[in-house]
$ cat query-v9.cif   # mmCIF, N, CA and C atoms
data_my_file
loop_
_atom_site.label_atom_id
_atom_site.label_comp_id
_atom_site.auth_asym_id
_atom_site.auth_seq_id
_atom_site.Cartn_x
_atom_site.Cartn_y
_atom_site.Cartn_z
N GLN A 1 -28.65 65.97 -35.82
CA GLN A 1 -27.21 65.80 -35.83
C GLN A 1 -26.87 64.37 -36.23
N VAL A 2 -25.97 64.23 -37.19
CA VAL A 2 -25.56 62.90 -37.67
C VAL A 2 -24.21 62.55 -37.06
N GLN A 3 -24.10 61.33 -36.57
CA GLN A 3 -22.82 60.81 -36.09
C GLN A 3 -22.46 59.59 -36.90
N LEU A 4 -21.18 59.50 -37.27
CA LEU A 4 -20.68 58.39 -38.06
C LEU A 4 -19.69 57.58 -37.24
N VAL A 5 -19.84 56.27 -37.28
CA VAL A 5 -18.94 55.39 -36.53
C VAL A 5 -18.43 54.31 -37.47
N GLU A 6 -17.10 54.27 -37.63
CA GLU A 6 -16.48 53.26 -38.48
C GLU A 6 -16.12 52.02 -37.66
N SER A 7 -16.06 50.89 -38.35
CA SER A 7 -15.62 49.64 -37.73
C SER A 7 -15.05 48.73 -38.81
N GLY A 8 -14.37 47.68 -38.38
CA GLY A 8 -13.88 46.69 -39.32
C GLY A 8 -12.40 46.75 -39.62
N GLY A 9 -11.73 47.75 -39.09
CA GLY A 9 -10.29 47.83 -39.33
C GLY A 9 -9.53 46.76 -38.56
N GLY A 10 -8.23 46.66 -38.84
CA GLY A 10 -7.42 45.69 -38.13
C GLY A 10 -6.11 45.45 -38.82
N LEU A 11 -5.43 44.40 -38.38
CA LEU A 11 -4.15 44.01 -38.96
C LEU A 11 -4.38 42.86 -39.93
N VAL A 12 -3.84 43.00 -41.12
CA VAL A 12 -4.03 41.97 -42.14
C VAL A 12 -2.73 41.82 -42.92
N GLN A 13 -2.47 40.62 -43.41
CA GLN A 13 -1.27 40.38 -44.20
C GLN A 13 -1.45 40.89 -45.62
N PRO A 14 -0.36 41.22 -46.28
CA PRO A 14 -0.46 41.62 -47.70
C PRO A 14 -1.20 40.56 -48.51
N GLY A 15 -2.10 41.04 -49.37
CA GLY A 15 -2.94 40.14 -50.14
C GLY A 15 -4.25 39.79 -49.46
N GLY A 16 -4.39 40.19 -48.21
CA GLY A 16 -5.59 39.88 -47.45
C GLY A 16 -6.74 40.83 -47.73
N SER A 17 -7.83 40.62 -46.99
CA SER A 17 -9.05 41.39 -47.20
C SER A 17 -9.61 41.90 -45.88
N LEU A 18 -10.30 43.01 -45.98
CA LEU A 18 -11.05 43.57 -44.86
C LEU A 18 -12.32 44.21 -45.40
N ARG A 19 -13.31 44.31 -44.53
CA ARG A 19 -14.52 45.03 -44.90
C ARG A 19 -14.78 46.08 -43.83
N LEU A 20 -14.72 47.34 -44.25
CA LEU A 20 -15.00 48.44 -43.34
C LEU A 20 -16.48 48.79 -43.40
N SER A 21 -17.02 49.16 -42.25
CA SER A 21 -18.40 49.60 -42.18
C SER A 21 -18.47 50.97 -41.54
N CYS A 22 -19.46 51.72 -41.93
CA CYS A 22 -19.72 53.04 -41.34
C CYS A 22 -21.20 53.11 -41.04
N ALA A 23 -21.52 53.27 -39.76
CA ALA A 23 -22.91 53.37 -39.34
C ALA A 23 -23.24 54.82 -39.02
N ALA A 24 -24.32 55.30 -39.60
CA ALA A 24 -24.76 56.67 -39.37
C ALA A 24 -25.96 56.69 -38.44
N SER A 25 -25.87 57.47 -37.38
CA SER A 25 -27.01 57.66 -36.50
C SER A 25 -27.66 58.99 -36.84
N GLY A 26 -28.97 59.04 -36.78
CA GLY A 26 -29.67 60.23 -37.20
C GLY A 26 -30.04 60.12 -38.67
N SER A 27 -30.83 61.07 -39.12
CA SER A 27 -31.31 61.02 -40.49
C SER A 27 -30.24 61.43 -41.49
N ILE A 28 -30.11 60.66 -42.55
CA ILE A 28 -29.20 61.05 -43.63
C ILE A 28 -30.00 61.51 -44.85
N PHE A 29 -31.22 61.92 -44.61
CA PHE A 29 -32.04 62.48 -45.69
C PHE A 29 -31.33 63.70 -46.25
N GLY A 30 -31.25 63.75 -47.57
CA GLY A 30 -30.55 64.87 -48.20
C GLY A 30 -29.07 64.60 -48.45
N VAL A 31 -28.63 63.36 -48.20
CA VAL A 31 -27.23 63.05 -48.46
C VAL A 31 -26.93 63.17 -49.94
N THR A 32 -25.80 63.80 -50.27
CA THR A 32 -25.43 63.97 -51.67
C THR A 32 -24.28 63.05 -52.05
N THR A 33 -23.32 62.89 -51.16
CA THR A 33 -22.23 61.95 -51.42
C THR A 33 -21.84 61.24 -50.13
N MET A 34 -21.30 60.03 -50.29
CA MET A 34 -20.73 59.26 -49.19
C MET A 34 -19.37 58.78 -49.64
N ALA A 35 -18.41 58.81 -48.75
CA ALA A 35 -17.04 58.54 -49.19
C ALA A 35 -16.20 57.93 -48.08
N TRP A 36 -15.11 57.34 -48.51
CA TRP A 36 -14.05 56.87 -47.61
C TRP A 36 -12.78 57.65 -47.93
N TYR A 37 -12.17 58.19 -46.90
CA TYR A 37 -10.88 58.83 -46.99
C TYR A 37 -9.89 58.01 -46.14
N ARG A 38 -8.62 58.28 -46.35
CA ARG A 38 -7.61 57.65 -45.50
C ARG A 38 -6.46 58.63 -45.26
N GLN A 39 -5.79 58.40 -44.14
CA GLN A 39 -4.63 59.23 -43.80
C GLN A 39 -3.54 58.34 -43.23
N ALA A 40 -2.43 58.31 -43.94
CA ALA A 40 -1.27 57.55 -43.49
C ALA A 40 -0.38 58.45 -42.65
N PRO A 41 0.45 57.88 -41.79
CA PRO A 41 1.33 58.69 -40.95
C PRO A 41 2.19 59.64 -41.78
N GLY A 42 2.19 60.91 -41.40
CA GLY A 42 3.00 61.90 -42.09
C GLY A 42 2.45 62.36 -43.42
N LYS A 43 1.25 61.91 -43.77
CA LYS A 43 0.67 62.29 -45.06
C LYS A 43 -0.67 62.97 -44.85
N GLU A 44 -1.12 63.66 -45.89
CA GLU A 44 -2.41 64.32 -45.83
C GLU A 44 -3.54 63.30 -46.05
N ARG A 45 -4.70 63.66 -45.54
CA ARG A 45 -5.87 62.82 -45.77
C ARG A 45 -6.21 62.84 -47.25
N GLU A 46 -6.54 61.68 -47.81
CA GLU A 46 -6.84 61.59 -49.22
C GLU A 46 -8.14 60.81 -49.46
N LEU A 47 -8.80 61.18 -50.54
CA LEU A 47 -10.03 60.51 -50.94
C LEU A 47 -9.70 59.16 -51.55
N VAL A 48 -10.36 58.12 -51.07
CA VAL A 48 -10.14 56.77 -51.58
C VAL A 48 -11.26 56.35 -52.52
N ALA A 49 -12.49 56.57 -52.10
CA ALA A 49 -13.64 56.16 -52.90
C ALA A 49 -14.85 57.00 -52.51
N ARG A 50 -15.72 57.24 -53.49
CA ARG A 50 -16.92 58.03 -53.24
C ARG A 50 -18.07 57.43 -54.02
N ILE A 51 -19.25 57.51 -53.42
CA ILE A 51 -20.47 57.10 -54.12
C ILE A 51 -21.46 58.24 -54.03
N PHE A 52 -22.14 58.50 -55.15
CA PHE A 52 -23.05 59.64 -55.21
C PHE A 52 -24.48 59.22 -54.89
N SER A 53 -25.35 60.20 -54.76
CA SER A 53 -26.71 59.96 -54.25
C SER A 53 -27.53 59.09 -55.18
N ASP A 54 -27.10 58.94 -56.46
CA ASP A 54 -27.85 58.03 -57.33
C ASP A 54 -27.53 56.57 -57.02
N LEU A 55 -26.56 56.36 -56.15
CA LEU A 55 -26.13 55.04 -55.67
C LEU A 55 -25.51 54.18 -56.77
N ARG A 56 -25.23 54.81 -57.91
CA ARG A 56 -24.59 54.08 -59.01
C ARG A 56 -23.25 54.70 -59.40
N THR A 57 -23.18 55.99 -59.36
CA THR A 57 -21.96 56.69 -59.77
C THR A 57 -20.92 56.61 -58.66
N THR A 58 -19.74 56.14 -59.02
CA THR A 58 -18.67 56.01 -58.04
C THR A 58 -17.38 56.61 -58.57
N TYR A 59 -16.52 56.91 -57.65
CA TYR A 59 -15.18 57.39 -57.99
C TYR A 59 -14.20 56.61 -57.12
N TYR A 60 -13.05 56.25 -57.71
CA TYR A 60 -11.99 55.57 -56.95
C TYR A 60 -10.65 56.22 -57.23
N LYS A 61 -9.86 56.31 -56.21
CA LYS A 61 -8.46 56.69 -56.38
C LYS A 61 -7.82 55.64 -57.29
N GLU A 62 -6.98 56.09 -58.19
CA GLU A 62 -6.43 55.20 -59.22
C GLU A 62 -5.76 53.98 -58.62
N SER A 63 -5.02 54.16 -57.54
CA SER A 63 -4.23 53.06 -56.99
C SER A 63 -5.07 51.98 -56.30
N VAL A 64 -6.36 52.24 -56.10
CA VAL A 64 -7.21 51.23 -55.44
C VAL A 64 -8.22 50.62 -56.38
N LYS A 65 -8.27 51.09 -57.61
CA LYS A 65 -9.25 50.56 -58.57
C LYS A 65 -9.05 49.06 -58.76
N GLY A 66 -10.16 48.33 -58.74
CA GLY A 66 -10.11 46.89 -58.91
C GLY A 66 -9.85 46.13 -57.62
N ARG A 67 -9.49 46.84 -56.56
CA ARG A 67 -9.21 46.18 -55.28
C ARG A 67 -10.19 46.59 -54.18
N LEU A 68 -10.64 47.82 -54.22
CA LEU A 68 -11.56 48.33 -53.21
C LEU A 68 -12.91 48.63 -53.85
N THR A 69 -13.97 48.34 -53.14
CA THR A 69 -15.31 48.57 -53.64
C THR A 69 -16.15 49.27 -52.58
N ILE A 70 -16.72 50.41 -52.96
CA ILE A 70 -17.60 51.15 -52.05
C ILE A 70 -19.04 50.77 -52.32
N SER A 71 -19.82 50.65 -51.26
CA SER A 71 -21.23 50.33 -51.41
C SER A 71 -21.99 50.92 -50.23
N THR A 72 -23.30 50.95 -50.37
CA THR A 72 -24.12 51.52 -49.30
C THR A 72 -25.43 50.76 -49.16
N ASP A 73 -25.97 50.78 -47.97
CA ASP A 73 -27.30 50.27 -47.69
C ASP A 73 -28.06 51.42 -47.05
N ILE A 74 -28.76 52.17 -47.87
CA ILE A 74 -29.46 53.36 -47.38
C ILE A 74 -30.47 53.01 -46.31
N ALA A 75 -31.14 51.88 -46.45
CA ALA A 75 -32.16 51.49 -45.48
C ALA A 75 -31.55 51.31 -44.09
N LYS A 76 -30.26 50.95 -44.04
CA LYS A 76 -29.57 50.75 -42.77
C LYS A 76 -28.70 51.94 -42.40
N ASN A 77 -28.75 53.01 -43.19
CA ASN A 77 -27.88 54.17 -42.95
C ASN A 77 -26.42 53.73 -42.86
N ALA A 78 -26.01 52.86 -43.76
CA ALA A 78 -24.68 52.27 -43.68
C ALA A 78 -23.89 52.46 -44.96
N LEU A 79 -22.59 52.58 -44.79
CA LEU A 79 -21.64 52.68 -45.89
C LEU A 79 -20.57 51.62 -45.68
N TYR A 80 -20.11 51.01 -46.76
CA TYR A 80 -19.14 49.94 -46.65
C TYR A 80 -17.96 50.18 -47.60
N LEU A 81 -16.83 49.56 -47.25
CA LEU A 81 -15.68 49.54 -48.15
C LEU A 81 -15.10 48.14 -48.11
N GLU A 82 -15.28 47.41 -49.20
CA GLU A 82 -14.71 46.08 -49.34
C GLU A 82 -13.29 46.24 -49.86
N MET A 83 -12.34 45.67 -49.12
CA MET A 83 -10.93 45.87 -49.45
C MET A 83 -10.28 44.51 -49.70
N ASN A 84 -9.82 44.29 -50.91
CA ASN A 84 -9.17 43.04 -51.30
C ASN A 84 -7.76 43.30 -51.80
N SER A 85 -6.96 42.24 -51.85
CA SER A 85 -5.58 42.35 -52.35
C SER A 85 -4.85 43.51 -51.69
N LEU A 86 -4.96 43.59 -50.39
CA LEU A 86 -4.39 44.73 -49.67
C LEU A 86 -2.87 44.75 -49.75
N LYS A 87 -2.34 45.97 -49.79
CA LYS A 87 -0.90 46.19 -49.89
C LYS A 87 -0.43 46.99 -48.68
N PRO A 88 0.84 46.90 -48.35
CA PRO A 88 1.35 47.69 -47.22
C PRO A 88 1.06 49.18 -47.37
N GLU A 89 1.05 49.69 -48.59
CA GLU A 89 0.77 51.11 -48.79
C GLU A 89 -0.68 51.49 -48.55
N ASP A 90 -1.53 50.51 -48.29
CA ASP A 90 -2.91 50.80 -47.91
C ASP A 90 -3.03 51.08 -46.41
N THR A 91 -1.94 50.90 -45.69
CA THR A 91 -1.95 51.15 -44.25
C THR A 91 -2.27 52.61 -43.97
N ALA A 92 -3.31 52.83 -43.15
CA ALA A 92 -3.75 54.19 -42.84
C ALA A 92 -4.94 54.12 -41.88
N VAL A 93 -5.31 55.27 -41.39
CA VAL A 93 -6.59 55.40 -40.70
C VAL A 93 -7.62 55.74 -41.76
N TYR A 94 -8.70 54.99 -41.78
CA TYR A 94 -9.75 55.17 -42.78
C TYR A 94 -10.95 55.88 -42.14
N TYR A 95 -11.41 56.93 -42.81
CA TYR A 95 -12.49 57.77 -42.31
C TYR A 95 -13.71 57.71 -43.23
N CYS A 96 -14.84 57.64 -42.62
CA CYS A 96 -16.11 57.73 -43.33
C CYS A 96 -16.53 59.19 -43.42
N ASN A 97 -17.06 59.58 -44.56
CA ASN A 97 -17.52 60.96 -44.77
C ASN A 97 -18.87 60.96 -45.47
N MET A 98 -19.75 61.81 -45.02
CA MET A 98 -21.03 62.01 -45.71
C MET A 98 -21.29 63.50 -45.84
N GLN A 99 -21.74 63.89 -47.01
CA GLN A 99 -22.15 65.27 -47.23
C GLN A 99 -23.68 65.30 -47.25
N ILE A 100 -24.24 65.98 -46.25
CA ILE A 100 -25.68 66.00 -46.07
C ILE A 100 -26.11 67.45 -45.94
N SER A 101 -27.00 67.85 -46.84
CA SER A 101 -27.51 69.22 -46.82
C SER A 101 -26.36 70.22 -46.73
N ARG A 102 -25.36 70.01 -47.58
CA ARG A 102 -24.22 70.92 -47.74
C ARG A 102 -23.32 70.96 -46.51
N ARG A 103 -23.41 69.95 -45.65
CA ARG A 103 -22.55 69.91 -44.48
C ARG A 103 -21.78 68.59 -44.49
N ASP A 104 -20.52 68.68 -44.09
CA ASP A 104 -19.65 67.51 -44.04
C ASP A 104 -19.71 66.86 -42.66
N TYR A 105 -19.88 65.54 -42.65
CA TYR A 105 -19.83 64.77 -41.41
C TYR A 105 -18.71 63.74 -41.51
N TRP A 106 -18.00 63.56 -40.40
CA TRP A 106 -16.86 62.65 -40.36
C TRP A 106 -16.95 61.71 -39.18
N GLY A 107 -16.46 60.50 -39.38
CA GLY A 107 -16.28 59.60 -38.26
C GLY A 107 -14.90 59.81 -37.66
N LEU A 108 -14.61 59.05 -36.61
CA LEU A 108 -13.32 59.17 -35.93
C LEU A 108 -12.25 58.31 -36.54
N GLY A 109 -12.64 57.41 -37.44
CA GLY A 109 -11.66 56.61 -38.16
C GLY A 109 -11.46 55.23 -37.58
N THR A 110 -10.95 54.35 -38.44
CA THR A 110 -10.59 52.98 -38.03
C THR A 110 -9.24 52.65 -38.67
N GLN A 111 -8.36 52.06 -37.87
CA GLN A 111 -7.01 51.79 -38.33
C GLN A 111 -6.96 50.53 -39.18
N VAL A 112 -6.31 50.63 -40.33
CA VAL A 112 -6.03 49.46 -41.17
C VAL A 112 -4.52 49.35 -41.30
N THR A 113 -4.00 48.20 -40.91
CA THR A 113 -2.56 47.96 -41.01
C THR A 113 -2.33 46.72 -41.84
N VAL A 114 -1.56 46.89 -42.92
CA VAL A 114 -1.24 45.77 -43.80
C VAL A 114 0.24 45.46 -43.63
N SER A 115 0.51 44.32 -43.03
CA SER A 115 1.89 43.98 -42.71
C SER A 115 2.02 42.48 -42.51
N SER A 116 3.19 41.96 -42.88
CA SER A 116 3.47 40.54 -42.64
C SER A 116 4.18 40.36 -41.31
#

$ encode --input "query-v9.cif" --output "structure tokens"
Amino acid sequence: QVQLVESGGGLVQPGGSLRLSCAASGSIFGVTTMAWYRQAPGKERELVARIFSDLRTTYYKESVKGRLTISTDIAKNALYLEMNSLKPEDTAVYYCNMQISRRDYWGLGTQVTVSS
């Protein structure tokens, strides 16, 4: 059984930066994709960034391209999201997701608030 725990969220001013981390406990052998989703109040959860098992292919939501960067350290069972030039519209709960052996795993989320 894999458990995912996010950390690194917080309150930041517009234009600021945060680095989110996701730690996976248990084996992630067979992982096919790793991703960050977010859900703002009153909105549906949306995909922000994804990295595939080749560790090179990535996907980004259009509105975050050039500002957010997804990366992973497989040896540490960790996933990261570097967030720069943050905007108020980036405010949301951010969730870590991993697809392992055709099963979806989710963390409980970490709150990111961008406000002056």

$ closest_residue --input "query-v9.cif" --among "A:Phe29, A:Ala35, A:Ala40, A:Gly8" --to "Tyr95 (chain A)" --atoms "only N, CA and C atoms"
A:Ala35

$ atom_distance --input "query-v9.cif" --atom1 "atom C of Arg56 (chain A)" --atom2 "CA of Thr91 (chain A)"
26.4 Å

$ residues_around --input "query-v9.cif" --residues "region 87-90 of chain A" --least-positions-apart "4" --cutoff "6 Å" --atoms "only N, CA and C atoms" --output "list in words"
Pro14, Gly15, Val112, Val114 and Ser115 of chain A

$ residues_around --input "query-v9.cif" --residues "Asp104 (chain A)" --least-positions-apart "6" --cutoff "10 Å" --atoms "only C-alpha atoms" --output "PyMOL selection string"
chain A and resi 2+31+33-34+97-98

$ resolve_selection --input "query-v9.cif" --expression "the PyMOL selection byres ((chain A and resi 85) around 8)" --output "PDB file with N, CA and C atoms, in the frame of the given file"
ATOM      1  N   GLN A  13      -2.470  40.620 -43.410  1.00  0.00           N
ATOM      2  CA  GLN A  13      -1.270  40.380 -44.200  1.00  0.00           C
ATOM      3  C   GLN A  13      -1.450  40.890 -45.620  1.00  0.00           C
ATOM      4  N   PRO A  14      -0.360  41.220 -46.280  1.00  0.00           N
ATOM      5  CA  PRO A  14      -0.460  41.620 -47.700  1.00  0.00           C
ATOM      6  C   PRO A  14      -1.200  40.560 -48.510  1.00  0.00           C
ATOM      7  N   GLY A  15      -2.100  41.040 -49.370  1.00  0.00           N
ATOM      8  CA  GLY A  15      -2.940  40.140 -50.140  1.00  0.00           C
ATOM      9  C   GLY A  15      -4.250  39.790 -49.460  1.00  0.00           C
ATOM     10  N   GLY A  16      -4.390  40.190 -48.210  1.00  0.00           N
ATOM     11  CA  GLY A  16      -5.590  39.880 -47.450  1.00  0.00           C
ATOM     12  C   GLY A  16      -6.740  40.830 -47.730  1.00  0.00           C
ATOM     13  N   SER A  17      -7.830  40.620 -46.990  1.00  0.00           N
ATOM     14  CA  SER A  17      -9.050  41.390 -47.200  1.00  0.00           C
ATOM     15  C   SER A  17      -9.610  41.900 -45.880  1.00  0.00           C
ATOM     16  N   LEU A  18     -10.300  43.010 -45.980  1.00  0.00           N
ATOM     17  CA  LEU A  18     -11.050  43.570 -44.860  1.00  0.00           C
ATOM     18  C   LEU A  18     -12.320  44.210 -45.400  1.00  0.00           C
ATOM     19  N   GLY A  66     -10.160  48.330 -58.740  1.00  0.00           N
ATOM     20  CA  GLY A  66     -10.110  46.890 -58.910  1.00  0.00           C
ATOM     21  C   GLY A  66      -9.850  46.130 -57.620  1.00  0.00           C
ATOM     22  N   ARG A  67      -9.490  46.840 -56.560  1.00  0.00           N
ATOM     23  CA  ARG A  67      -9.210  46.180 -55.280  1.00  0.00           C
ATOM     24  C   ARG A  67     -10.190  46.590 -54.180  1.00  0.00           C
ATOM     25  N   LEU A  68     -10.640  47.820 -54.220  1.00  0.00           N
ATOM     26  CA  LEU A  68     -11.560  48.330 -53.210  1.00  0.00           C
ATOM     27  C   LEU A  68     -12.910  48.630 -53.850  1.00  0.00           C
ATOM     28  N   GLU A  82     -15.280  47.410 -49.200  1.00  0.00           N
ATOM     29  CA  GLU A  82     -14.710  46.080 -49.340  1.00  0.00           C
ATOM     30  C   GLU A  82     -13.290  46.240 -49.860  1.00  0.00           C
ATOM     31  N   MET A  83     -12.340  45.670 -49.120  1.00  0.00           N
ATOM     32  CA  MET A  83     -10.930  45.870 -49.450  1.00  0.00           C
ATOM     33  C   MET A  83     -10.280  44.510 -49.700  1.00  0.00           C
ATOM     34  N   ASN A  84      -9.820  44.290 -50.910  1.00  0.00           N
ATOM     35  CA  ASN A  84      -9.170  43.040 -51.300  1.00  0.00           C
ATOM     36  C   ASN A  84      -7.760  43.300 -51.800  1.00  0.00           C
ATOM     37  N   LEU A  86      -4.960  43.590 -50.390  1.00  0.00           N
ATOM     38  CA  LEU A  86      -4.390  44.730 -49.670  1.00  0.00           C
ATOM     39  C   LEU A  86      -2.870  44.750 -49.750  1.00  0.00           C
ATOM     40  N   LYS A  87      -2.340  45.970 -49.790  1.00  0.00           N
ATOM     41  CA  LYS A  87      -0.900  46.190 -49.890  1.00  0.00           C
ATOM     42  C   LYS A  87      -0.430  46.990 -48.680  1.00  0.00           C
ATOM     43  N   PRO A  88       0.840  46.900 -48.350  1.00  0.00           N
ATOM     44  CA  PRO A  88       1.350  47.690 -47.220  1.00  0.00           C
ATOM     45  C   PRO A  88       1.060  49.180 -47.370  1.00  0.00           C
TER      46      PRO A  88
END

$ residues_near_point --input "query-v9.cif" --point "(-20.3, 49.4, -47.1)" --cutoff "7 Å" --atoms "all atoms listed in the file" --output "VMD selection string"
chain A and resid 20 to 22 69 to 73 78 to 82

$ axis_aligned_box --input "query-v9.cif" --around "region 26-39 of chain A" --padding-each-side "3 Å" --output "JSON"
{"center_x": -17.8, "center_y": 60.9, "center_z": -44.4, "size_x": 34.5, "size_y": 14.0, "size_z": 21.3}

$ residues_around --input "query-v9.cif" --residues "Thr32 (chain A)" --least-positions-apart "4" --cutoff "6.5 Å" --atoms "all atoms listed in the file" --output "PyMOL selection string"
chain A and resi 51-53+98-101

$ write_last_selection --input "query-v9.cif" --atoms "N, CA and C atoms" --output "mmCIF file, keeping the file's coordinate frame"
data_model
loop_
_atom_site.group_PDB
_atom_site.id
_atom_site.type_symbol
_atom_site.label_atom_id
_atom_site.label_comp_id
_atom_site.auth_asym_id
_atom_site.auth_seq_id
_atom_site.Cartn_x
_atom_site.Cartn_y
_atom_site.Cartn_z
ATOM 1 N N ILE A 51 -19.250 57.510 -53.420
ATOM 2 C CA ILE A 51 -20.470 57.100 -54.120
ATOM 3 C C ILE A 51 -21.460 58.240 -54.030
ATOM 4 N N PHE A 52 -22.140 58.500 -55.150
ATOM 5 C CA PHE A 52 -23.050 59.640 -55.210
ATOM 6 C C PHE A 52 -24.480 59.220 -54.890
ATOM 7 N N SER A 53 -25.350 60.200 -54.760
ATOM 8 C CA SER A 53 -26.710 59.960 -54.250
ATOM 9 C C SER A 53 -27.530 59.090 -55.180
ATOM 10 N N MET A 98 -19.750 61.810 -45.020
ATOM 11 C CA MET A 98 -21.030 62.010 -45.710
ATOM 12 C C MET A 98 -21.290 63.500 -45.840
ATOM 13 N N GLN A 99 -21.740 63.890 -47.010
ATOM 14 C CA GLN A 99 -22.150 65.270 -47.230
ATOM 15 C C GLN A 99 -23.680 65.300 -47.250
ATOM 16 N N ILE A 100 -24.240 65.980 -46.250
ATOM 17 C CA ILE A 100 -25.680 66.000 -46.070
ATOM 18 C C ILE A 100 -26.110 67.450 -45.940
ATOM 19 N N SER A 101 -27.000 67.850 -46.840
ATOM 20 C CA SER A 101 -27.510 69.220 -46.820
ATOM 21 C C SER A 101 -26.360 70.220 -46.730
#

$ atom_distance --input "query-v9.cif" --atom1 "CA of Leu47 (chain A)" --atom2 "CA of Glu6 (chain A)"
15.8 Å

$ closest_residue --input "query-v9.cif" --among "A:Val64, A:Ala23, A:Gly30, A:Tyr59" --to "Arg102 (chain A)" --atoms "only N, CA and C atoms"
A:Gly30

$ closest_residue --input "query-v9.cif" --among "A:Ala24, A:Val5, A:Val93, A:Ile74" --to "Glu44 (chain A)" --atoms "only C-alpha atoms"
A:Val93

$ residues_around --input "query-v9.cif" --residues "Thr113 (chain A)" --least-positions-apart "5" --cutoff "5 Å" --atoms "only N, CA and C atoms" --output "PyMOL selection string"
chain A and resi 10-12+91

$ select_by_dssp --input "query-v9.cif" --residues "region 3-115 of chain A" --states "strand (DSSP E or B)" --output "ChimeraX atom specification"
/A:3-7,10-12,18-25,31-39,46-52,58-60,68-73,78-83,92-100,103-106,110-114

$ atom_distance --input "query-v9.cif" --atom1 "CA of Trp106 (chain A)" --atom2 "atom N of Arg38 (chain A)"
11.1 Å

$ resolve_selection --input "query-v9.cif" --expression "the PyMOL selection byres (((chain A and resi 48 and name CA) around 6) and name CA)" --output "PyMOL selection string"
chain A and resi 36-37+47+49+60-61
